[in-house]
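Here is upload.txt, consisting of compact mmCIF, C-alpha atoms (C1' of nucleotides) and all ligand atoms:
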# COMPACT_ATOMS: atom_id res chain seq x y z
CA MET D 879 24.02 -1.68 -9.00
CA THR D 880 23.71 0.39 -5.85
CA ILE D 881 25.18 3.84 -5.35
CA GLU D 882 27.59 2.36 -2.80
CA ASN D 883 28.83 -0.17 -5.35
CA ILE D 884 29.30 2.47 -8.02
CA ILE D 885 31.38 4.67 -5.72
CA GLU D 886 33.44 1.77 -4.41
CA GLU D 887 34.12 0.44 -7.90
CA LYS D 888 35.73 3.76 -8.83
CA ASN D 889 37.75 3.96 -5.62
CA LEU D 890 36.08 7.15 -4.46
CA LYS D 891 35.34 7.95 -0.83
CA LEU D 892 31.72 7.41 0.06
CA THR D 893 30.69 10.76 1.52
CA VAL D 894 27.31 12.09 2.59
CA ALA D 895 27.34 14.58 -0.29
CA ARG D 896 28.13 11.97 -2.92
CA ARG D 897 25.48 9.60 -1.72
CA GLU D 898 22.93 12.40 -1.74
CA LEU D 899 23.88 13.63 -5.19
CA LEU D 900 23.99 10.26 -6.90
CA GLY D 901 20.77 9.32 -5.16
CA ILE D 902 19.00 12.24 -6.79
CA LEU D 903 20.42 11.61 -10.26
CA HIS D 904 19.54 7.96 -9.91
CA ALA D 905 15.97 8.62 -8.78
CA HIS D 906 15.09 10.95 -11.65
CA ASN D 907 15.42 9.41 -15.03
CA ARG D 908 15.82 12.69 -16.82
CA PRO D 909 18.77 15.07 -17.05
CA LEU D 910 18.91 17.64 -14.25
CA CYS D 911 20.78 20.94 -13.94
CA PHE D 912 22.19 22.60 -10.83
CA GLU D 913 19.04 24.67 -10.41
CA ASP D 914 16.90 21.51 -10.41
CA ILE D 915 19.14 19.81 -7.90
CA LYS D 916 20.08 22.62 -5.51
CA GLU D 917 16.77 22.65 -3.68
CA LYS D 918 17.06 18.91 -3.04
CA ILE D 919 20.56 18.97 -1.56
CA ASN D 920 22.32 20.42 1.44
CA MET D 921 25.85 20.69 0.09
CA ASP D 922 27.48 23.88 -1.06
CA LYS D 923 27.53 24.52 -4.79
CA ALA D 924 31.32 24.19 -4.85
CA THR D 925 30.90 20.67 -3.50
CA PHE D 926 28.19 19.98 -6.05
CA TYR D 927 30.39 21.02 -8.98
CA ARG D 928 33.50 19.29 -7.65
CA ASN D 929 31.64 16.03 -7.24
CA ILE D 930 29.88 16.29 -10.56
CA SER D 931 33.27 16.80 -12.24
CA LYS D 932 34.66 13.78 -10.49
CA PHE D 933 31.64 11.70 -11.53
CA GLU D 934 32.14 12.78 -15.12
CA GLU D 935 35.85 11.92 -15.00
CA GLU D 936 34.93 8.49 -13.71
CA ALA D 937 32.18 8.05 -16.32
CA ILE D 938 29.48 7.74 -13.69
CA VAL D 939 27.67 10.79 -15.00
CA ASN D 940 27.52 12.55 -18.35
CA SER D 941 26.31 16.00 -19.27
CA PHE D 942 25.44 18.40 -22.06
CA GLU D 943 24.46 22.03 -22.53
CA SER D 944 20.86 22.97 -23.14
CA ASN D 945 19.29 26.10 -24.62
CA ASP D 946 19.17 27.84 -21.28
CA LYS D 947 22.92 28.11 -20.68
CA LYS D 948 22.76 25.39 -18.09
CA ARG D 949 24.53 22.08 -18.06
CA TYR D 950 22.35 19.04 -17.55
CA TYR D 951 23.59 15.90 -15.82
CA GLU D 952 22.35 12.33 -15.90
CA MET D 953 23.57 8.91 -14.81
CA GLN D 954 25.63 7.48 -17.62
CA GLU D 955 23.97 4.45 -19.14
CA PHE D 956 24.55 3.62 -22.79
CA PRO D 957 25.20 6.64 -25.01
CA HIS D 958 22.10 8.24 -26.48
CA ALA D 959 21.01 11.43 -28.20
CA HIS D 960 18.85 14.17 -26.69
CA PHE D 961 16.06 16.31 -28.02
CA ILE D 962 15.59 19.82 -26.65
CA CYS D 963 12.33 21.59 -27.37
CA ASN D 964 12.65 25.26 -28.28
CA THR D 965 9.07 25.89 -27.20
CA CYS D 966 8.64 24.16 -23.83
CA ASN D 967 12.36 23.60 -23.11
CA ALA D 968 11.74 19.97 -22.25
CA ILE D 969 14.67 17.61 -22.68
CA GLU D 970 14.00 14.10 -23.94
CA CYS D 971 16.38 11.17 -24.00
CA LEU D 972 16.23 9.51 -27.41
CA LYS D 973 17.16 5.97 -26.55
CA ASN D 974 15.77 4.25 -29.61
CA ILE D 975 17.10 6.05 -32.64
CA GLU D 976 19.40 4.29 -35.04
CA PRO D 977 23.06 5.26 -34.82
CA ILE D 978 24.42 8.01 -37.03
CA ASN D 979 28.02 8.16 -38.13
CA LEU D 980 30.08 10.81 -39.84
CA GLU D 981 33.01 9.60 -41.89
CA GLY D 982 36.26 10.58 -40.20
CA TYR D 983 34.73 11.83 -36.95
CA ILE D 984 34.08 10.16 -33.62
CA ILE D 985 30.65 11.10 -32.34
CA THR D 986 30.14 10.98 -28.58
CA ASP D 987 27.01 13.06 -28.32
CA ILE D 988 24.12 14.26 -30.47
CA ILE D 989 21.72 17.05 -29.57
CA PHE D 990 18.66 17.72 -31.66
CA LYS D 991 16.78 20.97 -31.19
CA GLY D 992 13.36 21.85 -32.48
CA ILE D 993 9.75 21.31 -31.54
CA CYS D 994 8.71 18.29 -29.54
CA LYS D 995 5.70 16.10 -30.28
CA GLY D 996 3.53 17.76 -27.63
CA CYS D 997 4.26 21.32 -28.72
CA LYS D 998 3.89 20.40 -32.37
CA HIS D 999 0.38 19.11 -31.66
CA GLU D 1000 -0.63 22.29 -29.88
CA GLU D 1001 0.56 24.44 -32.75
CA GLU D 1002 -2.10 23.07 -35.10
CA MET F 197 23.08 40.74 -50.90
CA THR F 198 24.75 43.59 -49.05
CA ILE F 199 24.45 44.29 -45.34
CA GLU F 200 22.49 47.44 -46.16
CA ASN F 201 20.00 45.41 -48.20
CA ILE F 202 19.56 42.84 -45.48
CA ILE F 203 18.82 45.47 -42.85
CA GLU F 204 16.47 47.41 -45.11
CA GLU F 205 14.59 44.29 -46.13
CA LYS F 206 13.75 43.61 -42.49
CA ASN F 207 12.74 47.22 -41.81
CA LEU F 208 15.44 47.77 -39.23
CA LYS F 209 17.26 51.04 -38.74
CA LEU F 210 20.72 51.01 -40.24
CA THR F 211 22.95 52.01 -37.34
CA VAL F 212 26.72 52.10 -37.00
CA ALA F 213 26.62 49.22 -34.53
CA ARG F 214 24.51 47.01 -36.77
CA ARG F 215 26.66 47.59 -39.80
CA GLU F 216 29.76 46.80 -37.77
CA LEU F 217 28.31 43.65 -36.25
CA LEU F 218 26.87 42.19 -39.42
CA GLY F 219 30.08 43.07 -41.24
CA ILE F 220 32.06 40.92 -38.84
CA LEU F 221 29.68 37.97 -38.98
CA HIS F 222 29.62 38.22 -42.74
CA ALA F 223 33.41 38.36 -43.09
CA HIS F 224 34.07 35.26 -40.99
CA ASN F 225 32.47 32.14 -42.29
CA ARG F 226 32.50 30.40 -38.96
CA PRO F 227 30.34 30.83 -35.87
CA LEU F 228 31.64 33.46 -33.42
CA CYS F 229 30.85 34.11 -29.76
CA PHE F 230 30.79 37.41 -27.89
CA GLU F 231 34.35 36.91 -26.73
CA ASP F 232 35.52 36.48 -30.34
CA ILE F 233 33.66 39.57 -31.46
CA LYS F 234 34.15 41.99 -28.58
CA GLU F 235 37.70 42.91 -29.49
CA LYS F 236 36.61 43.77 -33.04
CA ILE F 237 33.75 46.09 -32.08
CA ASN F 238 33.26 49.37 -30.28
CA MET F 239 29.72 48.95 -29.06
CA ASP F 240 28.74 48.13 -25.50
CA LYS F 241 27.90 44.50 -24.78
CA ALA F 242 24.27 45.42 -24.08
CA THR F 243 24.08 46.78 -27.62
CA PHE F 244 25.77 43.67 -28.95
CA TYR F 245 23.25 41.35 -27.29
CA ARG F 246 20.24 43.49 -28.16
CA ASN F 247 21.22 43.56 -31.80
CA ILE F 248 22.06 39.90 -31.94
CA SER F 249 18.62 39.12 -30.49
CA LYS F 250 16.97 41.30 -33.07
CA PHE F 251 18.94 39.62 -35.86
CA GLU F 252 17.84 36.24 -34.58
CA GLU F 253 14.20 37.34 -34.42
CA GLU F 254 14.47 38.50 -38.01
CA ALA F 255 16.23 35.31 -39.08
CA ILE F 256 19.35 37.17 -40.20
CA VAL F 257 21.49 35.28 -37.70
CA ASN F 258 21.21 31.95 -35.94
CA SER F 259 23.02 30.61 -32.90
CA PHE F 260 23.74 27.59 -30.73
CA GLU F 261 25.48 26.73 -27.48
CA SER F 262 28.91 25.18 -27.52
CA ASN F 263 30.80 23.20 -24.89
CA ASP F 264 32.25 26.32 -23.33
CA LYS F 265 28.99 27.82 -22.10
CA LYS F 266 29.10 30.41 -24.83
CA ARG F 267 26.59 31.05 -27.54
CA TYR F 268 27.95 31.11 -31.08
CA TYR F 269 26.42 33.23 -33.82
CA GLU F 270 26.60 33.00 -37.59
CA MET F 271 24.84 34.50 -40.60
CA GLN F 272 21.82 32.38 -41.35
CA GLU F 273 22.15 30.62 -44.66
CA PHE F 274 20.39 27.33 -45.19
CA PRO F 275 19.99 25.22 -42.05
CA HIS F 276 22.90 22.91 -41.29
CA ALA F 277 24.29 20.83 -38.45
CA HIS F 278 27.42 21.59 -36.44
CA PHE F 279 30.22 19.48 -35.07
CA ILE F 280 31.96 20.53 -31.86
CA CYS F 281 35.26 18.89 -31.00
CA ASN F 282 35.69 17.95 -27.35
CA THR F 283 39.47 18.01 -27.74
CA CYS F 284 40.32 21.22 -29.63
CA ASN F 285 36.91 22.94 -29.20
CA ALA F 286 36.75 23.74 -32.89
CA ILE F 287 33.30 24.21 -34.37
CA GLU F 288 32.64 22.96 -37.89
CA CYS F 289 29.64 23.65 -40.08
CA LEU F 290 28.41 20.41 -41.61
CA LYS F 291 26.83 21.63 -44.80
CA ASN F 292 26.85 18.38 -46.72
CA ILE F 293 25.28 15.74 -44.53
CA GLU F 294 22.05 14.12 -45.55
CA PRO F 295 18.96 15.27 -43.64
CA ILE F 296 17.84 13.38 -40.56
CA ASN F 297 14.26 13.26 -39.43
CA LEU F 298 12.61 12.05 -36.28
CA GLU F 299 9.03 10.90 -36.58
CA GLY F 300 6.74 13.35 -34.80
CA TYR F 301 9.35 16.02 -34.12
CA ILE F 302 10.40 19.12 -36.01
CA ILE F 303 14.17 19.41 -36.07
CA THR F 304 15.61 22.90 -36.45
CA ASP F 305 19.13 22.24 -35.31
CA ILE F 306 21.55 19.35 -34.83
CA ILE F 307 24.76 19.47 -32.81
CA PHE F 308 27.22 16.62 -32.90
CA LYS F 309 29.95 16.44 -30.29
CA GLY F 310 33.01 14.27 -30.30
CA ILE F 311 36.47 14.20 -31.83
CA CYS F 312 37.15 15.98 -35.10
CA LYS F 313 39.16 14.56 -37.99
CA GLY F 314 42.31 16.44 -37.05
CA CYS F 315 42.30 15.45 -33.40
CA LYS F 316 41.41 11.88 -34.26
CA HIS F 317 44.51 11.67 -36.48
CA GLU F 318 46.76 13.00 -33.74
CA GLU F 319 45.47 10.45 -31.27
CA GLU F 320 46.92 7.55 -33.26
C1' DT I 288 38.70 1.28 19.14
C1' DT I 289 41.59 5.17 18.46
C1' DC I 290 45.04 7.55 15.57
C1' DT I 291 46.57 9.40 11.26
C1' DT I 292 46.35 11.40 6.96
C1' DA I 293 44.63 12.01 2.51
C1' DT I 294 40.61 13.66 0.78
C1' DG I 295 36.34 16.19 0.88
C1' DT I 296 33.62 20.14 2.38
C1' DG I 297 31.91 24.97 3.45
C1' DC I 298 32.63 29.52 2.93
C1' DA I 299 33.77 33.66 0.74
C1' DA I 300 35.61 35.94 -3.02
C1' DC I 301 35.92 35.98 -7.78
C1' DT I 302 34.99 35.64 -13.08
C1' DT I 303 32.14 35.95 -16.92
C1' DA I 304 27.80 35.68 -19.94
C1' DG I 305 23.90 37.78 -20.31
C1' DT I 306 19.90 41.12 -18.91
C1' DC I 307 17.55 45.46 -17.69
C1' DG I 308 16.22 50.35 -16.55
C1' DC I 309 17.10 54.79 -17.68
C1' DA I 310 19.05 59.02 -19.55
C1' DT I 311 21.00 60.49 -23.88
C1' DT I 312 21.89 60.03 -28.87
C1' DT I 313 20.82 58.80 -33.45
C1' DT I 314 18.03 57.44 -37.30
C1' DA I 315 14.32 57.91 -40.63
C1' DT I 316 10.83 60.70 -42.18
C1' DA I 317 7.96 64.75 -42.99
C1' DT C 1286 15.36 71.44 -40.04
C1' DA C 1287 12.13 69.56 -36.59
C1' DT C 1288 10.17 65.45 -34.55
C1' DA C 1289 9.34 61.00 -32.59
C1' DA C 1290 10.52 56.41 -32.40
C1' DA C 1291 14.14 53.52 -31.84
C1' DA C 1292 18.96 52.55 -30.55
C1' DT C 1293 22.84 53.22 -27.55
C1' DG C 1294 25.95 53.52 -23.38
C1' DC C 1295 26.34 53.04 -18.80
C1' DG C 1296 25.88 51.00 -14.52
C1' DA C 1297 23.75 47.75 -11.69
C1' DC C 1298 22.33 43.28 -11.46
C1' DT C 1299 21.72 37.89 -11.81
C1' DA C 1300 23.28 33.35 -12.00
C1' DA C 1301 26.63 29.54 -13.35
C1' DG C 1302 30.69 28.04 -12.40
C1' DT C 1303 35.67 28.29 -10.23
C1' DT C 1304 39.25 28.66 -6.70
C1' DG C 1305 41.99 29.14 -2.26
C1' DC C 1306 41.98 28.07 2.26
C1' DA C 1307 40.77 26.49 6.88
C1' DC C 1308 38.25 22.90 8.94
C1' DA C 1309 35.83 18.28 8.91
C1' DT C 1310 35.55 13.46 7.84
C1' DA C 1311 36.23 8.75 5.63
C1' DA C 1312 39.06 4.84 5.59
C1' DG C 1313 42.84 2.22 6.78
C1' DA C 1314 46.68 1.22 10.23
C1' DA C 1315 47.96 0.40 14.72
MN MN O 1401 19.57 11.09 -21.52
MN MN O 1402 27.33 26.87 -39.37
ZN ZN O 1403 7.99 21.10 -26.35
ZN ZN O 1404 39.42 18.75 -32.67

Represent the structure from my file as structure tokens, please.
Amino acid sequence: MTIENIIEEKNLKLTVARRELLGILHAHNRPLCFEDIKEKINMDKATFYRNISKFEEEAIVNSFESNDKKRYYEMQEFPHAHFICNTCNAIECLKNIEPINLEGYIITDIIFKGICKGCKHEEE
Amino acid sequence: MTIENIIEEKNLKLTVARRELLGILHAHNRPLCFEDIKEKINMDKATFYRNISKFEEEAIVNSFESNDKKRYYEMQEFPHAHFICNTCNAIECLKNIEPINLEGYIITDIIFKGICKGCKHEEE
DNA sequence: TTCTTATGTGCAACTTAGTCGCATTTTATA
DNA sequence: TATAAAATGCGACTAAGTTGCACATAAGAA
């Protein structure tokens, strides 16, 4: 699925900014925040946020808050949980954990916080 | 355990601001953000944040980020997960779910996001 | 290919959470 | 009551995110 196909499928205009932005999210397979992305793009931050919102509306991108008061964005694949390390601030996609359900609730997102494998090792 | 005892136990000075702040967190048994608290207190926001940080260092208070880019604070009891509703933005403390562990990681915090019982009902 | 228009973009101004340095006040203790 | 360490208020600052508006551009019609 190319970026052009994704945009066309959702009936969005294919602009320079959108191609650039989706290209970056597609190329990195980890969640990125505005700070990570801004140095890689030319568009104004208003354009960044307006496009990101549109991508989220259209379920092209999803996002979550981290520890650092920043929102992180990634291409939406299948839903999966994230682990945020309190020590090194790394964010990991947990794509292989078994599903959790809470009676009566609909869960769309799970964020675990704590100490990642790497940092746990160094602590010893 | 009174507020005075808690402060004394951690060797902190018992100031007017600290008594006020802990009193509010103690009285509400739900997580509160600065916006919730500011109308109830007299202290400057710098004092608020400095004290909250100290309380977190001393494990009197714990906190997490919500959907709204605000950090929510609560008195630290036993560790428990939280559910944040994407529809009504309510935050619920999940004190009765069975523990989850991820091989190799230390989990200190779990945040579920999705649709709460109430909002799920209304959807139907 | 050119025209038309809805849509997208850049810019500047704004809001709000949170941080920091510094002068002044308050607490705990002797 | 005197003292010193710690806490506070204030003002300035940073950075994420939002909004209104004038101008630019993508996409479809002619
Ligand atoms: Mn992910
Ligand atoms: Mn709680
Ligand atoms: Zn780590
Ligand atoms: Zn709800």

Residues within 10 Å of (25.1, 47.6, -25.7), file coordinates, counting only C-alpha atoms (C1' of nucleotides): what are they? Give the list as a short mmCIF file (atom, residue, chain, number, x, y, z; two decimals) with C-alpha atoms (C1' of nucleotides), in the coordinates of the input.
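Result written to part.cif:
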data_model
loop_
_atom_site.label_atom_id
_atom_site.label_comp_id
_atom_site.auth_asym_id
_atom_site.auth_seq_id
_atom_site.Cartn_x
_atom_site.Cartn_y
_atom_site.Cartn_z
CA ALA F 213 26.62 49.22 -34.53
CA ASN F 238 33.26 49.37 -30.28
CA MET F 239 29.72 48.95 -29.06
CA ASP F 240 28.74 48.13 -25.50
CA LYS F 241 27.90 44.50 -24.78
CA ALA F 242 24.27 45.42 -24.08
CA THR F 243 24.08 46.78 -27.62
CA PHE F 244 25.77 43.67 -28.95
CA TYR F 245 23.25 41.35 -27.29
CA ARG F 246 20.24 43.49 -28.16
CA ASN F 247 21.22 43.56 -31.80
"C1'" DA C 1292 18.96 52.55 -30.55
"C1'" DT C 1293 22.84 53.22 -27.55
"C1'" DG C 1294 25.95 53.52 -23.38
"C1'" DC C 1295 26.34 53.04 -18.80
#

DA315 (chain I) surroundings by all atoms listed in the file, 10 Å radius, close-in-sequence under 6 positions cut, as a list of chain:residue names: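 With the cut-off at 10 Å, the set is F:Lys209, F:Leu210, C:DA1289, C:DA1290, C:DA1291.
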
Please work out which residues fall within 10 Å of (38.7, 5.8, 4.2), coordinates as given in the file, with all atoms listed in the file counting, and return them as a tab-separated table (two decimals) with C-alpha atoms (C1' of nucleotides), in the coordinates of the input.
chain	number	residue	atom	x	y	z
D	890	LEU	CA	36.08	7.15	-4.46
D	891	LYS	CA	35.34	7.95	-0.83
D	892	LEU	CA	31.72	7.41	0.06
D	893	THR	CA	30.69	10.76	1.52
I	292	DT	C1'	46.35	11.40	6.96
I	293	DA	C1'	44.63	12.01	2.51
I	294	DT	C1'	40.61	13.66	0.78
C	1310	DT	C1'	35.55	13.46	7.84
C	1311	DA	C1'	36.23	8.75	5.63
C	1312	DA	C1'	39.06	4.84	5.59
C	1313	DG	C1'	42.84	2.22	6.78

Pick from D:Glu882, D:Glu943, D:Glu976, D:Glu913, whichever lies nearest to chain F using only C-alpha atoms: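 Of the candidates, the smallest distance to chain F is held by D:Glu943.
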
Within 12 Å of ligand MN 1402 (chain O) (all atoms listed in the file), residues as a VMD selection string: chain F and resid 221 224 to 228 257 to 260 268 to 280 286 to 292 305 to 307

Nearest candidate to ligand ZN 1403 (chain O) (options F:Glu252, F:Asp264, F:Ile296, F:Ile302; using all atoms listed in the file): F:Ile302

Expected selection as a list in words for ligand ZN 1403 (chain O) within 10 Å, all atoms listed in the file: Phe961, Ile962, Cys963, Asn964, Thr965, Cys966, Asn967, Ala968, Ile969, Glu970, Gly992, Ile993, Cys994, Lys995, Gly996, Cys997, Lys998, His999 and Glu1000 of chain D; Tyr301 of chain F

Near DC301 (chain I), counting all atoms listed in the file, which residues have an atom at most 12 Å away, once you skip same-chain residues fewer than 6 positions from it, shown as a short mmCIF file (atom, residue, chain, number, x, y, z; two decimals) with C-alpha atoms (C1' of nucleotides), keeping the file's coordinate frame?
data_model
loop_
_atom_site.label_atom_id
_atom_site.label_comp_id
_atom_site.auth_asym_id
_atom_site.auth_seq_id
_atom_site.Cartn_x
_atom_site.Cartn_y
_atom_site.Cartn_z
"C1'" DG C 1302 30.69 28.04 -12.40
"C1'" DT C 1303 35.67 28.29 -10.23
"C1'" DT C 1304 39.25 28.66 -6.70
"C1'" DG C 1305 41.99 29.14 -2.26
#

Residue nearest chain I - candidates D:Phe933, D:Ile884, D:Arg896, D:Ile938, atoms counted: all atoms listed in the file: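 The shortest atom-to-atom distance to chain I comes from D:Arg896.
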
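Between CA of Phe230 (chain F) and CA of Arg267 (chain F) the interatomic distance comes to 7.6 Å.
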
Pairwise distance for CA of Glu935 (chain D) and CA of Ala905 (chain D), rounded to one decimal in Å: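 Computing it gives 21.1 Å between the two atoms.
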
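Straight-line separation from CA of Asn979 (chain D) to CA of Ala937 (chain D): 22.2 Å.
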
I:DC290, I:DC307, I:DC298, I:DA317 ranked by distance to chain F, top pick (using all atoms listed in the file): I:DC307

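Closest approach to ligand ZN 1404 (chain O) from the set D:Ile985, D:Met879, D:Leu899, D:Ile975 is made by D:Ile985, with distances taken over all atoms listed in the file.
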
Close residues, DT1299 (chain C) itself excluded, 12 Å, all atoms listed in the file, min 4 positions apart in chain, as a list in words: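 Using all atoms listed in the file, the neighbours found are DT303, DA304, DG305, DT306 and DC307 of chain I.
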
Please build the interface table for chain I against chain D with a cut-off of 8 Å, listing for each qualifying residue the nearest atom pair and the distance in Å to one decimal; count all atoms listed in the file, order rows by chain and increasing number, and write it as a tab-separated table.
residue	atom	partner	partner_atom	distance
I:DT294	C1'	D:Lys891	CA	7.9
I:DG295	C1'	D:Thr893	CA	7.9
I:DT296	C1'	D:Thr925	CA	6.5
I:DG297	C1'	D:Asp922	CA	6.4

Show me that you can extract region 288-304 of chain I, keeping N, CA and C atoms (P, O5', C5', C4', C3', O3' and C1' of nucleotides), and write it as a short mmCIF file (atom, residue, chain, number, x, y, z; two decimals), in the first residue's frame.
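Result written to result_24.cif:
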data_model
loop_
_atom_site.label_atom_id
_atom_site.label_comp_id
_atom_site.auth_asym_id
_atom_site.auth_seq_id
_atom_site.Cartn_x
_atom_site.Cartn_y
_atom_site.Cartn_z
P DT I 288 0.05 20.84 -21.93
"O5'" DT I 288 -0.55 21.94 -22.92
"C5'" DT I 288 -1.80 21.82 -23.49
"C4'" DT I 288 -2.77 22.92 -23.09
"C3'" DT I 288 -2.40 23.76 -21.85
"O3'" DT I 288 -2.29 25.13 -22.26
"C1'" DT I 288 -4.62 22.91 -21.68
P DT I 289 -2.15 26.46 -21.41
"O5'" DT I 289 -3.62 26.76 -20.86
"C5'" DT I 289 -4.61 27.32 -21.76
"C4'" DT I 289 -5.86 27.56 -20.95
"C3'" DT I 289 -5.69 28.49 -19.76
"O3'" DT I 289 -6.80 29.39 -19.79
"C1'" DT I 289 -6.70 26.48 -19.06
P DC I 290 -7.12 30.53 -18.73
"O5'" DC I 290 -8.34 29.89 -17.95
"C5'" DC I 290 -9.51 29.53 -18.68
"C4'" DC I 290 -10.60 29.13 -17.70
"C3'" DC I 290 -10.78 30.08 -16.53
"O3'" DC I 290 -12.18 30.23 -16.34
"C1'" DC I 290 -10.27 27.89 -15.73
P DT I 291 -12.81 31.19 -15.20
"O5'" DT I 291 -13.06 30.15 -14.03
"C5'" DT I 291 -13.80 28.97 -14.33
"C4'" DT I 291 -14.11 28.22 -13.04
"C3'" DT I 291 -14.27 29.11 -11.81
"O3'" DT I 291 -15.48 28.73 -11.19
"C1'" DT I 291 -12.60 27.44 -11.40
P DT I 292 -16.02 29.47 -9.87
"O5'" DT I 292 -15.60 28.45 -8.72
"C5'" DT I 292 -16.07 27.10 -8.78
"C4'" DT I 292 -15.44 26.33 -7.63
"C3'" DT I 292 -15.47 27.07 -6.29
"O3'" DT I 292 -15.70 26.11 -5.29
"C1'" DT I 292 -13.27 26.50 -6.79
P DA I 293 -16.51 26.44 -3.94
"O5'" DA I 293 -16.27 25.07 -3.14
"C5'" DA I 293 -16.16 23.85 -3.88
"C4'" DA I 293 -14.98 23.03 -3.35
"C3'" DA I 293 -14.86 23.02 -1.84
"O3'" DA I 293 -14.50 21.70 -1.45
"C1'" DA I 293 -12.86 23.90 -2.76
P DT I 294 -14.42 21.26 0.07
"O5'" DT I 294 -12.84 21.21 0.31
"C5'" DT I 294 -12.00 20.59 -0.65
"C4'" DT I 294 -10.55 20.91 -0.37
"C3'" DT I 294 -10.20 20.90 1.12
"O3'" DT I 294 -9.18 19.92 1.29
"C1'" DT I 294 -9.30 22.80 0.05
P DG I 295 -8.32 19.75 2.58
"O5'" DG I 295 -7.07 20.66 2.25
"C5'" DG I 295 -6.23 20.28 1.15
"C4'" DG I 295 -4.96 21.10 1.18
"C3'" DG I 295 -4.21 21.04 2.52
"O3'" DG I 295 -2.82 20.93 2.21
"C1'" DG I 295 -4.76 23.29 2.01
P DT I 296 -1.72 20.93 3.30
"O5'" DT I 296 -1.24 22.44 3.31
"C5'" DT I 296 -0.58 22.95 2.16
"C4'" DT I 296 -0.08 24.36 2.42
"C3'" DT I 296 0.75 24.48 3.71
"O3'" DT I 296 2.04 24.96 3.35
"C1'" DT I 296 -0.95 26.16 3.58
P DG I 297 3.19 25.16 4.45
"O5'" DG I 297 3.12 26.72 4.72
"C5'" DG I 297 3.34 27.63 3.64
"C4'" DG I 297 3.34 29.05 4.16
"C3'" DG I 297 4.23 29.30 5.37
"O3'" DG I 297 4.85 30.57 5.17
"C1'" DG I 297 1.98 29.81 5.93
P DC I 298 6.01 31.12 6.13
"O5'" DC I 298 5.26 32.24 6.99
"C5'" DC I 298 4.37 33.15 6.34
"C4'" DC I 298 3.54 33.87 7.40
"C3'" DC I 298 4.26 34.08 8.73
"O3'" DC I 298 4.19 35.45 9.08
"C1'" DC I 298 2.10 33.22 9.07
P DA I 299 5.13 36.09 10.24
"O5'" DA I 299 4.08 36.92 11.11
"C5'" DA I 299 2.79 37.25 10.61
"C4'" DA I 299 1.80 37.29 11.76
"C3'" DA I 299 2.45 37.54 13.12
"O3'" DA I 299 1.58 38.36 13.90
"C1'" DA I 299 1.25 35.54 13.21
P DA I 300 2.04 38.95 15.32
"O5'" DA I 300 0.69 38.98 16.15
"C5'" DA I 300 -0.58 38.78 15.50
"C4'" DA I 300 -1.45 37.95 16.42
"C3'" DA I 300 -1.13 38.11 17.92
"O3'" DA I 300 -2.35 38.28 18.63
"C1'" DA I 300 -1.11 35.83 17.34
P DC I 301 -2.36 38.61 20.21
"O5'" DC I 301 -2.84 37.23 20.85
"C5'" DC I 301 -4.05 36.64 20.36
"C4'" DC I 301 -4.11 35.20 20.85
"C3'" DC I 301 -3.87 35.04 22.35
"O3'" DC I 301 -5.11 34.76 22.99
"C1'" DC I 301 -2.81 33.34 21.04
P DT I 302 -5.16 34.66 24.63
"O5'" DT I 302 -5.04 33.09 24.84
"C5'" DT I 302 -5.98 32.22 24.20
"C4'" DT I 302 -5.67 30.82 24.66
"C3'" DT I 302 -5.47 30.74 26.18
"O3'" DT I 302 -6.27 29.66 26.65
"C1'" DT I 302 -3.60 29.82 25.05
P DT I 303 -6.55 29.52 28.22
"O5'" DT I 303 -5.55 28.36 28.64
"C5'" DT I 303 -5.49 27.18 27.87
"C4'" DT I 303 -4.27 26.40 28.29
"C3'" DT I 303 -3.96 26.47 29.79
"O3'" DT I 303 -3.74 25.16 30.26
"C1'" DT I 303 -2.04 26.94 28.55
P DA I 304 -3.61 24.84 31.82
"O5'" DA I 304 -2.29 23.97 31.78
"C5'" DA I 304 -2.29 22.78 31.03
"C4'" DA I 304 -0.89 22.23 31.00
"C3'" DA I 304 -0.30 21.98 32.37
"O3'" DA I 304 0.45 20.77 32.29
"C1'" DA I 304 1.04 23.56 31.21
#
